[in-house]
file query33.pdb (PDB, C-alpha atoms and all ligand atoms)
ATOM      1  CA  ASP A 906     -23.676  -7.113   3.306
ATOM      2  CA  ILE A 907     -22.701  -6.957   6.946
ATOM      3  CA  ALA A 908     -24.993  -6.947   9.968
ATOM      4  CA  VAL A 909     -23.154  -4.334  11.986
ATOM      5  CA  PRO A 910     -24.975  -1.082  12.733
ATOM      6  CA  GLU A 911     -23.061   2.056  11.712
ATOM      7  CA  SER A 912     -23.411   3.315  15.250
ATOM      8  CA  HIS A 913     -21.265   0.464  16.527
ATOM      9  CA  PRO A 914     -18.060   1.956  17.982
ATOM     10  CA  ARG A 915     -15.942  -0.534  16.043
ATOM     11  CA  TYR A 916     -17.942  -0.228  12.815
ATOM     12  CA  GLU A 917     -14.998   0.601  10.529
ATOM     13  CA  SER A 918     -12.830  -2.086  12.024
ATOM     14  CA  LEU A 919     -15.533  -4.744  11.745
ATOM     15  CA  LEU A 920     -16.270  -3.759   8.165
ATOM     16  CA  THR A 921     -12.586  -4.084   7.324
ATOM     17  CA  ARG A 922     -12.444  -7.494   8.919
ATOM     18  CA  HIS A 923     -15.487  -8.582   6.977
ATOM     19  CA  ARG A 924     -13.859  -7.533   3.694
ATOM     20  CA  ILE A 925     -10.785  -9.621   4.465
ATOM     21  CA  GLU A 926     -12.940 -12.633   5.360
ATOM     22  CA  ALA A 927     -14.843 -12.220   2.100
ATOM     23  CA  GLY A 928     -11.475 -11.972   0.318
ATOM     24  CA  VAL A 929     -10.426 -15.322   1.749
ATOM     25  CA  GLU A 930     -13.750 -16.853   0.681
ATOM     26  CA  LYS A 931     -13.305 -15.538  -2.875
ATOM     27  CA  GLY A 932      -9.774 -16.918  -3.089
ATOM     28  CA  ILE A 933      -8.254 -13.445  -3.261
ATOM     29  CA  THR A 934      -6.695 -13.224   0.188
ATOM     30  CA  SER A 935      -4.442 -15.921   1.671
ATOM     31  CA  GLN A 936      -4.754 -17.383   5.166
ATOM     32  CA  GLN A 937      -1.516 -15.560   5.934
ATOM     33  CA  GLY A 938      -3.356 -12.395   4.972
ATOM     34  CA  LEU A 939      -5.664 -12.871   7.944
ATOM     35  CA  ILE A 940      -2.666 -12.778  10.256
ATOM     36  CA  ALA A 941      -1.280  -9.669   8.591
ATOM     37  CA  GLN A 942      -4.694  -8.043   9.030
ATOM     38  CA  GLY A 943      -4.669  -8.845  12.738
ATOM     39  CA  ARG A 944      -1.267  -7.291  13.158
ATOM     40  CA  GLY A 945      -2.353  -4.206  11.254
ATOM     41  CA  GLU A 946      -5.503  -3.819  13.347
ATOM     42  CA  ALA A 947      -3.487  -3.748  16.550
ATOM     43  CA  PHE A 948      -1.385  -0.853  15.273
ATOM     44  CA  ASP A 949      -4.421   0.945  13.904
ATOM     45  CA  TYR A 950      -6.055   0.705  17.321
ATOM     46  CA  LEU A 951      -2.977   2.274  18.917
ATOM     47  CA  LEU A 952      -2.959   5.051  16.320
ATOM     48  CA  GLY A 953      -6.582   5.853  17.133
ATOM     49  CA  GLU A 954      -7.870   4.488  13.791
ATOM     50  CA  ARG A 955      -7.259   7.824  12.113
ATOM     51  CA  THR A 956      -4.837   9.389   9.669
ATOM     52  CA  ILE A 957      -2.172  11.065  11.772
ATOM     53  CA  GLU A 958      -0.721  14.310  10.473
ATOM     54  CA  SER A 959       2.675  12.840   9.547
ATOM     55  CA  ALA A 960       0.917  10.148   7.475
ATOM     56  CA  ASP A 961      -1.061  12.808   5.644
ATOM     57  CA  VAL A 962       2.173  14.627   4.784
ATOM     58  CA  ALA A 963       3.678  11.329   3.573
ATOM     59  CA  ALA A 964       0.578  10.676   1.434
ATOM     60  CA  ARG A 965       1.089  14.054  -0.274
ATOM     61  CA  VAL A 966       4.764  13.292  -0.893
ATOM     62  CA  ALA A 967       3.774   9.894  -2.322
ATOM     63  CA  ALA A 968       1.334  11.654  -4.672
ATOM     64  CA  ALA A 969       4.119  14.009  -5.820
ATOM     65  CA  HIS A 970       6.414  11.021  -6.518
ATOM     66  CA  LEU A 971       3.688   9.272  -8.525
ATOM     67  CA  LEU A 972       3.014  12.400 -10.590
ATOM     68  CA  LEU A 973       6.736  12.900 -11.291
ATOM     69  CA  ALA A 974       7.321   9.258 -12.235
ATOM     70  CA  GLU A 975       7.970   8.113 -15.813
ATOM     71  CA  HIS A 976       6.627   4.658 -15.097
ATOM     72  CA  PRO A 977       4.729   4.366 -11.805
ATOM     73  CA  VAL A 978       3.274   1.014 -10.723
ATOM     74  CA  LEU A 979       0.810   0.212  -7.938
ATOM     75  CA  SER A 980       1.529  -3.221  -6.521
ATOM     76  CA  VAL A 981      -1.554  -5.175  -5.453
ATOM     77  CA  ASN A 982      -1.610  -8.114  -3.025
ATOM     78  CA  GLY A 983      -4.467 -10.199  -1.651
ATOM     79  CA  ASN A 984      -5.180  -7.960   1.329
ATOM     80  CA  VAL A 985      -5.213  -4.737  -0.625
ATOM     81  CA  ALA A 986      -7.346  -6.283  -3.365
ATOM     82  CA  ALA A 987      -9.930  -7.279  -0.761
ATOM     83  CA  LEU A 988      -9.828  -3.977   1.138
ATOM     84  CA  CYS A 989      -9.787  -1.234  -1.501
ATOM     85  CA  PRO A 990      -9.893  -2.483  -5.110
ATOM     86  CA  GLY A 991     -11.931   0.404  -6.521
ATOM     87  CA  GLU A 992      -9.766   2.970  -4.740
ATOM     88  CA  LEU A 993      -6.617   1.451  -6.269
ATOM     89  CA  VAL A 994      -8.122   1.542  -9.742
ATOM     90  CA  GLU A 995      -9.025   5.195  -9.205
ATOM     91  CA  LEU A 996      -5.527   6.125  -8.006
ATOM     92  CA  ALA A 997      -3.952   4.335 -10.981
ATOM     93  CA  ASP A 998      -6.215   6.364 -13.228
ATOM     94  CA  VAL A 999      -5.469   9.724 -11.619
ATOM     95  CA  VAL A1000      -1.664   9.355 -11.678
ATOM     96  CA  GLY A1001      -1.421   7.243 -14.850
ATOM     97  CA  ALA A1002       0.050   4.201 -13.108
ATOM     98  CA  ASP A1003      -0.055   0.509 -13.972
ATOM     99  CA  LEU A1004      -1.596  -1.991 -11.567
ATOM    100  CA  GLU A1005       0.420  -5.143 -10.981
ATOM    101  CA  VAL A1006      -0.576  -8.135  -8.891
ATOM    102  CA  ASN A1007       2.387  -9.102  -6.766
ATOM    103  CA  LEU A1008       1.944 -11.900  -4.221
ATOM    104  CA  PHE A1009       4.028 -13.191  -1.379
ATOM    105  CA  ASN A1010       2.394 -16.623  -1.634
ATOM    106  CA  ARG A1011       2.039 -16.755  -5.385
ATOM    107  CA  THR A1012      -0.383 -19.230  -6.921
ATOM    108  CA  ASP A1013      -1.886 -19.031 -10.401
ATOM    109  CA  GLU A1014      -5.409 -19.294  -8.983
ATOM    110  CA  ARG A1015      -4.948 -16.335  -6.657
ATOM    111  CA  MET A1016      -3.188 -14.282  -9.328
ATOM    112  CA  ARG A1017      -6.111 -14.798 -11.687
ATOM    113  CA  ALA A1018      -8.745 -14.248  -9.004
ATOM    114  CA  ILE A1019      -7.186 -10.897  -8.123
ATOM    115  CA  VAL A1020      -6.826  -9.814 -11.745
ATOM    116  CA  ASP A1021     -10.530 -10.643 -12.291
ATOM    117  CA  HIS A1022     -11.514  -8.861  -9.084
ATOM    118  CA  LEU A1023      -9.668  -5.689 -10.159
ATOM    119  CA  ARG A1024     -11.348  -5.872 -13.576
ATOM    120  CA  GLU A1025     -14.732  -6.108 -11.847
ATOM    121  CA  HIS A1026     -13.755  -2.877 -10.124
ATOM    122  CA  GLY A1027     -13.004  -1.057 -13.354
ATOM    123  CA  ALA A1028      -9.380  -1.928 -14.150
ATOM    124  CA  THR A1029      -8.612  -2.502 -17.822
ATOM    125  CA  ASP A1030      -5.001  -3.660 -17.946
ATOM    126  CA  VAL A1031      -3.638  -5.527 -14.958
ATOM    127  CA  ARG A1032      -0.052  -6.719 -14.950
ATOM    128  CA  GLY A1033       1.511  -9.587 -13.037
ATOM    129  CA  LEU A1034       0.665 -12.691 -15.046
ATOM    130  CA  THR A1035       3.597 -12.385 -17.456
ATOM    131  CA  ALA A1036       6.144 -12.728 -14.632
ATOM    132  CA  ASP A1037       9.088 -12.497 -17.028
ATOM    133  CA  GLY A1038      11.228 -10.344 -14.713
ATOM    134  CA  ARG A1039      12.967 -11.018 -11.400
ATOM    135  CA  ILE A1040      13.878  -8.874  -8.422
ATOM    136  CA  PRO A1041      17.531  -9.679  -7.768
ATOM    137  CA  GLY A1042      18.549 -11.027  -4.382
ATOM    138  CA  ILE A1043      15.422 -12.942  -3.301
ATOM    139  CA  ASP A1044      14.294 -16.492  -3.826
ATOM    140  CA  HIS A1045      12.669 -17.578  -7.062
ATOM    141  CA  GLU A1046       8.881 -17.530  -6.451
ATOM    142  CA  ARG A1047       8.881 -14.266  -4.547
ATOM    143  CA  ALA A1048      11.226 -12.579  -7.020
ATOM    144  CA  LYS A1049       8.728 -12.786  -9.922
ATOM    145  CA  VAL A1050       7.533  -9.522 -11.457
ATOM    146  CA  ASP A1051       6.565  -8.310 -14.924
ATOM    147  CA  ALA A1052       9.671  -7.066 -16.718
ATOM    148  CA  GLU A1053       7.635  -4.231 -18.234
ATOM    149  CA  GLY A1054       5.818  -3.534 -14.953
ATOM    150  CA  ILE A1055       7.523  -3.437 -11.565
ATOM    151  CA  GLY A1056      10.699  -4.590 -13.335
ATOM    152  CA  ALA A1057      10.830  -1.331 -15.283
ATOM    153  CA  ALA A1058       9.139   1.000 -12.795
ATOM    154  CA  ASP A1059      10.864   4.070 -11.364
ATOM    155  CA  VAL A1060       8.254   4.517  -8.608
ATOM    156  CA  VAL A1061       6.264   1.705  -6.974
ATOM    157  CA  LEU A1062       3.500   1.961  -4.394
ATOM    158  CA  VAL A1063       3.717  -1.206  -2.320
ATOM    159  CA  PRO A1064       0.982  -1.362   0.285
ATOM    160  CA  LEU A1065       1.739  -4.034   2.906
ATOM    161  CA  GLU A1066       4.871  -5.313   1.232
ATOM    162  CA  ASP A1067       6.969  -7.981   2.861
ATOM    163  CA  GLY A1068      10.160  -6.599   4.421
ATOM    164  CA  ASP A1069      12.592  -8.705   2.363
ATOM    165  CA  ARG A1070      11.098  -7.808  -0.937
ATOM    166  CA  ALA A1071      10.779  -4.155   0.013
ATOM    167  CA  GLU A1072      14.493  -4.159   0.739
ATOM    168  CA  ALA A1073      15.381  -5.910  -2.534
ATOM    169  CA  LEU A1074      13.239  -3.486  -4.548
ATOM    170  CA  GLY A1075      14.948  -0.555  -2.863
ATOM    171  CA  ALA A1076      18.323  -2.054  -3.763
ATOM    172  CA  MET A1077      17.253  -1.946  -7.457
ATOM    173  CA  GLY A1078      17.020   1.818  -7.094
ATOM    174  CA  THR A1079      13.218   1.889  -7.275
ATOM    175  CA  VAL A1080      11.501   4.638  -5.306
ATOM    176  CA  GLU A1081       9.272   2.807  -2.858
ATOM    177  CA  LEU A1082       6.114   4.232  -1.395
ATOM    178  CA  VAL A1083       5.058   1.870   1.390
ATOM    179  CA  VAL A1084       1.760   1.826   3.284
ATOM    180  CA  ASP A1085       2.177  -0.009   6.571
ATOM    181  CA  LEU A1086       0.536   0.525   9.941
ATOM    182  CA  ASN A1087       3.627  -0.670  11.784
ATOM    183  CA  PRO A1088       6.362   1.999  11.796
ATOM    184  CA  LEU A1089       8.816  -0.621  13.115
ATOM    185  CA  SER A1090       8.173  -3.011  10.227
ATOM    186  CA  ARG A1091      11.172  -3.446   7.940
ATOM    187  CA  SER A1092       9.010  -2.485   4.961
ATOM    188  CA  ALA A1093       8.304   0.892   6.550
ATOM    189  CA  GLN A1094      11.939   1.266   7.582
ATOM    190  CA  VAL A1095      13.348   0.710   4.070
ATOM    191  CA  ALA A1096      10.717   2.804   2.247
ATOM    192  CA  THR A1097      11.590   6.021   0.447
ATOM    193  CA  VAL A1098       8.199   7.228   1.689
ATOM    194  CA  PRO A1099       6.583   5.310   4.557
ATOM    195  CA  ILE A1100       2.881   6.059   5.006
ATOM    196  CA  VAL A1101       1.924   4.790   8.452
ATOM    197  CA  ASP A1102      -1.822   4.500   7.934
ATOM    198  CA  ASN A1103      -4.489   1.945   7.071
ATOM    199  CA  VAL A1104      -4.550   1.278   3.278
ATOM    200  CA  ILE A1105      -8.281   1.848   3.433
ATOM    201  CA  ARG A1106      -7.627   5.481   4.373
ATOM    202  CA  ALA A1107      -4.224   5.953   2.756
ATOM    203  CA  VAL A1108      -5.041   5.023  -0.848
ATOM    204  CA  PRO A1109      -7.947   7.504  -1.251
ATOM    205  CA  ASN A1110      -5.871  10.098   0.587
ATOM    206  CA  VAL A1111      -2.997   9.761  -1.912
ATOM    207  CA  THR A1112      -5.584  10.125  -4.706
ATOM    208  CA  ARG A1113      -6.991  13.277  -3.096
ATOM    209  CA  HIS A1114      -3.498  14.800  -2.900
ATOM    210  CA  ALA A1115      -2.710  13.732  -6.474
ATOM    211  CA  ARG A1116      -5.838  15.514  -7.716
ATOM    212  CA  ASP A1117      -4.864  18.569  -5.714
ATOM    213  CA  LEU A1118      -1.356  18.531  -7.228
ATOM    214  CA  THR A1119      -2.319  17.829 -10.863
ATOM    215  CA  ASP A1120      -1.550  21.391 -11.938
ATOM    216  CA  ALA A1121       1.568  21.803  -9.796
ATOM    217  CA  SER A1122       4.807  22.499 -11.695
ATOM    218  CA  GLU A1123       7.566  19.939 -11.838
ATOM    219  CA  ALA A1124       9.698  22.237  -9.675
ATOM    220  CA  ASP A1125       6.974  22.385  -7.025
ATOM    221  CA  LEU A1126       6.575  18.603  -7.041
ATOM    222  CA  ARG A1127      10.338  18.179  -6.681
ATOM    223  CA  ALA A1128      10.388  20.587  -3.773
ATOM    224  CA  ILE A1129       7.690  18.534  -2.004
ATOM    225  CA  VAL A1130       9.659  15.323  -2.600
ATOM    226  CA  GLU A1131      12.968  16.810  -1.449
ATOM    227  CA  ALA A1132      11.591  18.315   1.752
ATOM    228  CA  PHE A1133      10.498  14.884   2.985
ATOM    229  CA  ASP A1134      12.238  13.220   5.918
ATOM    230  CA  ALA A1135      11.388   9.503   6.163
ATOM    231  CA  GLU A1136      13.055   9.007   9.519
ATOM    232  CA  ALA A1137      11.238  11.927  11.129
ATOM    233  CA  THR A1138       7.980  10.518   9.724
ATOM    234  CA  LEU A1139       8.582   7.132  11.327
ATOM    235  CA  ASP A1140       9.554   8.815  14.607
ATOM    236  CA  ALA A1141       6.336  10.841  14.565
ATOM    237  CA  ALA A1142       4.277   7.697  14.045
ATOM    238  CA  GLU A1143       6.054   5.917  16.848
ATOM    239  CA  ARG A1144       5.421   8.881  19.134
ATOM    240  CA  ALA A1145       1.753   8.895  18.170
ATOM    241  CA  ILE A1146       1.529   5.238  19.162
ATOM    242  CA  ARG A1147       3.398   5.731  22.425
ATOM    243  CA  ASP A1148       1.565   8.750  23.780
ATOM    244  CA  GLY A1149      -1.346   9.343  21.432
ATOM    245  CA  THR A1150      -0.507  13.043  21.214
ATOM    246  CA  GLU A1151      -0.204  13.704  17.534
ATOM    247  CA  ARG A1152      -3.042  15.795  16.168
ATOM    248  CA  GLU A1153      -5.443  14.416  13.575
ATOM    249  CA  ALA A1154      -4.786  15.401   9.972
TER     250      ALA A1154
HETATM  251  P1  LIG A1201       8.704  -7.107   8.247
HETATM  252  O1  LIG A1201       9.270  -6.558   9.529
HETATM  253  O2  LIG A1201       9.592  -8.049   7.550
HETATM  254  O3  LIG A1201       8.238  -6.008   7.365
HETATM  255  P2  LIG A1201       6.017  -7.606   9.097
HETATM  256  O4  LIG A1201       6.051  -7.436  10.555
HETATM  257  O5  LIG A1201       5.578  -6.466   8.308
HETATM  258  O6  LIG A1201       7.472  -8.012   8.644
HETATM  259  P3  LIG A1201       3.774  -9.185   8.136
HETATM  260  O7  LIG A1201       2.884  -9.576   9.251
HETATM  261  O8  LIG A1201       3.980 -10.131   7.015
HETATM  262  O9  LIG A1201       5.211  -8.902   8.739
HETATM  263  O10 LIG A1201       3.275  -7.857   7.477
HETATM  264  C1  LIG A1201       2.021  -7.371   7.651
HETATM  265  C2  LIG A1201       2.189  -5.873   7.769
HETATM  266  O11 LIG A1201       1.084  -5.249   7.167
HETATM  267  C3  LIG A1201       2.228  -5.445   9.244
HETATM  268  O12 LIG A1201       3.288  -4.536   9.429
HETATM  269  C4  LIG A1201       0.862  -4.759   9.433
HETATM  270  O13 LIG A1201       0.951  -3.678  10.335
HETATM  271  C5  LIG A1201       0.560  -4.275   8.037
HETATM  272  N1  LIG A1201      -0.884  -4.151   7.750
HETATM  273  C6  LIG A1201      -1.842  -5.105   7.857
HETATM  274  N2  LIG A1201      -3.047  -4.645   7.485
HETATM  275  C7  LIG A1201      -2.862  -3.362   7.095
HETATM  276  C8  LIG A1201      -3.726  -2.371   6.585
HETATM  277  N3  LIG A1201      -5.027  -2.579   6.401
HETATM  278  N4  LIG A1201      -3.184  -1.165   6.288
HETATM  279  C9  LIG A1201      -1.861  -0.926   6.459
HETATM  280  N5  LIG A1201      -0.997  -1.828   6.942
HETATM  281  C10 LIG A1201      -1.476  -3.039   7.262
HETATM  282 MG    MG A1202       6.327  -5.499   6.824
END
call {"tool": "encode", "arguments": {"input": "query33.pdb", "output": "structure tokens"}}
result
Amino acid sequence: DIAVPESHPRYESLLTRHRIEAGVEKGITSQQGLIAQGRGEAFDYLLGERTIESADVAARVAAAHLLLAEHPVLSVNGNVAALCPGELVELADVVGADLEVNLFNRTDERMRAIVDHLREHGATDVRGLTADGRIPGIDHERAKVDAEGIGAADVVLVPLEDGDRAEALGAMGTVELVVDLNPLSRSAQVATVPIVDNVIRAVPNVTRHARDLTDASEADLRAIVEAFDAEATLDAAERAIRDGTEREA
């Protein structure tokens, strides 16, 4: 697979990079996705390539939202599909969510390649190809969603969403759970729940919390959701980047 010894100090980071490269080769990830990956890596480096405590709390809150939702959807783009397809399928399974392919640079080829890739990783139904709904307030191509998917969702997990679309989705009243390594990114800023962590770590962490919370009462889940402070979470992440003091989760 990849000729990097596990003992290499940058093993995880190199493995991640390799997955994105392979994604580009398979037609899953766009060239733009490579740039997004580079930006993410820089923030991950500054965070110490670990899940900081505030991100772990946010992951638990995200799990509570997904379990409370009537119609949760996990949005999948070309980077996420390349980085953690199996983990997304597992999370969808645990919380009973739909998977929907949702691309910034939408082409039919990439849509289909990602749907096939998710199926290879165990997904049965994958939404996104119908594209009969629109997110109001953004231009045509980028506004496309499935009317019965993201169009009808009450809670959406959008890992690495573009800032504009994250804002427009929020304006529809959708609860947005955003995974983004940059706490200053507009996507993180407009999220109901910003998880400042690498998707590679964050997605399985949300699944772990969801499993842990499966038997929690609705009242307990609501209490977890209501106690959350998005702004304080972003501040904590920014502090962790600035002085590297926040403890590991
Ligand atoms: P905006 O401010 O409008 O949100 P942006 O700065 O987010 O724009 P992009 O470069 O398009 O612009 O977005 C890529 C985002 O995805 C960056 O914030 C980057 O930190 C994040 N990112 C990239 N790879 C990962 C990853 N593996 N896990 C989590 N976040 C990632
Ligand atoms: Mg962003």
call {"tool": "residues_near_ligand", "arguments": {"input": "query33.pdb", "ligand": "ligand LIG 1201 (chain A)", "cutoff": "7 Å", "atoms": "only C-alpha atoms and all ligand atoms", "output": "JSON, numbers by chain"}}
result
{"A": [940, 941, 942, 943, 944, 945, 946, 948, 1064, 1065, 1066, 1067, 1068, 1069, 1084, 1085, 1086, 1087, 1089, 1090, 1091, 1092, 1093, 1102, 1103, 1104, 1105]}
call {"tool": "closest_residue", "arguments": {"input": "query33.pdb", "among": "A:Asp1117, A:Glu930, A:Glu995, A:Asp1051", "to": "Arg965 of chain A", "atoms": "all atoms listed in the file"}}
result
A:Asp1117
call {"tool": "atom_distance", "arguments": {"input": "query33.pdb", "atom1": "atom CA of Pro1088 of chain A", "atom2": "atom CA of Asp949 of chain A"}}
result
11.0 Å
call {"tool": "axis_aligned_box", "arguments": {"input": "query33.pdb", "around": "segment 994-998 of chain A", "padding_each_side": "5 Å", "output": "AutoDock Vina command-line options"}}
result
--center_x -6.5 --center_y 4.0 --center_z -10.6 --size_x 15.1 --size_y 14.8 --size_z 15.2
call {"tool": "resolve_selection", "arguments": {"input": "query33.pdb", "expression": "the PyMOL selection byres (((chain A and resi 1115) around 12) and not hetatm)", "output": "number ranges by chain"}}
result
A: 964-973, 995-1002, 1108-1114, 1116-1121, 1126
call {"tool": "closest_residue", "arguments": {"input": "query33.pdb", "among": "A:Val1095, A:Val994, A:Val1130, A:Ala960", "to": "ligand MG 1202 (chain A)", "atoms": "all atoms listed in the file"}}
result
A:Val1095
call {"tool": "residues_around", "arguments": {"input": "query33.pdb", "residues": "segment 915-918 of chain A", "least_positions_apart": "5", "cutoff": "9 Å", "atoms": "all atoms listed in the file", "output": "PyMOL selection string"}}
result
chain A and resi 909-910+923+946+954
call {"tool": "write_last_selection", "arguments": {"input": "query33.pdb", "atoms": "C-alpha atoms", "output": "PDB file, in the coordinates of the input"}}
result
ATOM      1  CA  VAL A 909     -23.154  -4.334  11.986  1.00  0.00           C
ATOM      2  CA  PRO A 910     -24.975  -1.082  12.733  1.00  0.00           C
ATOM      3  CA  HIS A 923     -15.487  -8.582   6.977  1.00  0.00           C
ATOM      4  CA  GLU A 946      -5.503  -3.819  13.347  1.00  0.00           C
ATOM      5  CA  GLU A 954      -7.870   4.488  13.791  1.00  0.00           C
TER       6      GLU A 954
END
call {"tool": "residues_near_point", "arguments": {"input": "query33.pdb", "point": "(-3.7, 0.0, -10.2)", "cutoff": "12 Å", "atoms": "all atoms listed in the file", "output": "PyMOL selection string"}}
result
chain A and resi 971+977-982+985-986+989-1007+1019-1020+1022-1024+1026-1033+1054-1055+1061-1064+1108+1112
call {"tool": "closest_residue", "arguments": {"input": "query33.pdb", "among": "A:Ala1036, A:Ala1071, A:Leu1082, A:Val1101", "to": "ligand MG 1202 (chain A)", "atoms": "only C-alpha atoms and all ligand atoms"}}
result
A:Ala1071
call {"tool": "atom_distance", "arguments": {"input": "query33.pdb", "atom1": "atom CA of Gln1094 of chain A", "atom2": "atom CA of Glu1081 of chain A"}}
result
10.9 Å
call {"tool": "residues_near_point", "arguments": {"input": "query33.pdb", "point": "(6.9, 7.8, 17.3)", "cutoff": "12 Å", "atoms": "all atoms listed in the file", "output": "list in words"}}
result
Leu951, Leu952, Ile957, Ser959, Ala960, Asn1087, Pro1088, Leu1089, Val1101, Glu1136, Ala1137, Thr1138, Leu1139, Asp1140, Ala1141, Ala1142, Glu1143, Arg1144, Ala1145, Ile1146, Arg1147, Asp1148, Gly1149, Thr1150 and Glu1151 of chain A
call {"tool": "resolve_selection", "arguments": {"input": "query33.pdb", "expression": "the PyMOL selection byres (((chain A and resi 976) around 6) and not hetatm)", "output": "ChimeraX atom specification"}}
result
/A:974-975,977,1058-1059
call {"tool": "closest_residue", "arguments": {"input": "query33.pdb", "among": "A:Lys1049, A:Arg1039, A:Arg1070, A:Arg1106", "to": "ligand MG 1202 (chain A)", "atoms": "only C-alpha atoms and all ligand atoms"}}
result
A:Arg1070
call {"tool": "atom_distance", "arguments": {"input": "query33.pdb", "atom1": "atom CA of Phe1009 of chain A", "atom2": "atom CA of Leu988 of chain A"}}
result
16.8 Å
call {"tool": "closest_residue", "arguments": {"input": "query33.pdb", "among": "A:Leu939, A:Ala1132, A:Leu1034, A:Ala1096", "to": "ligand MG 1202 (chain A)", "atoms": "all atoms listed in the file"}}
result
A:Ala1096
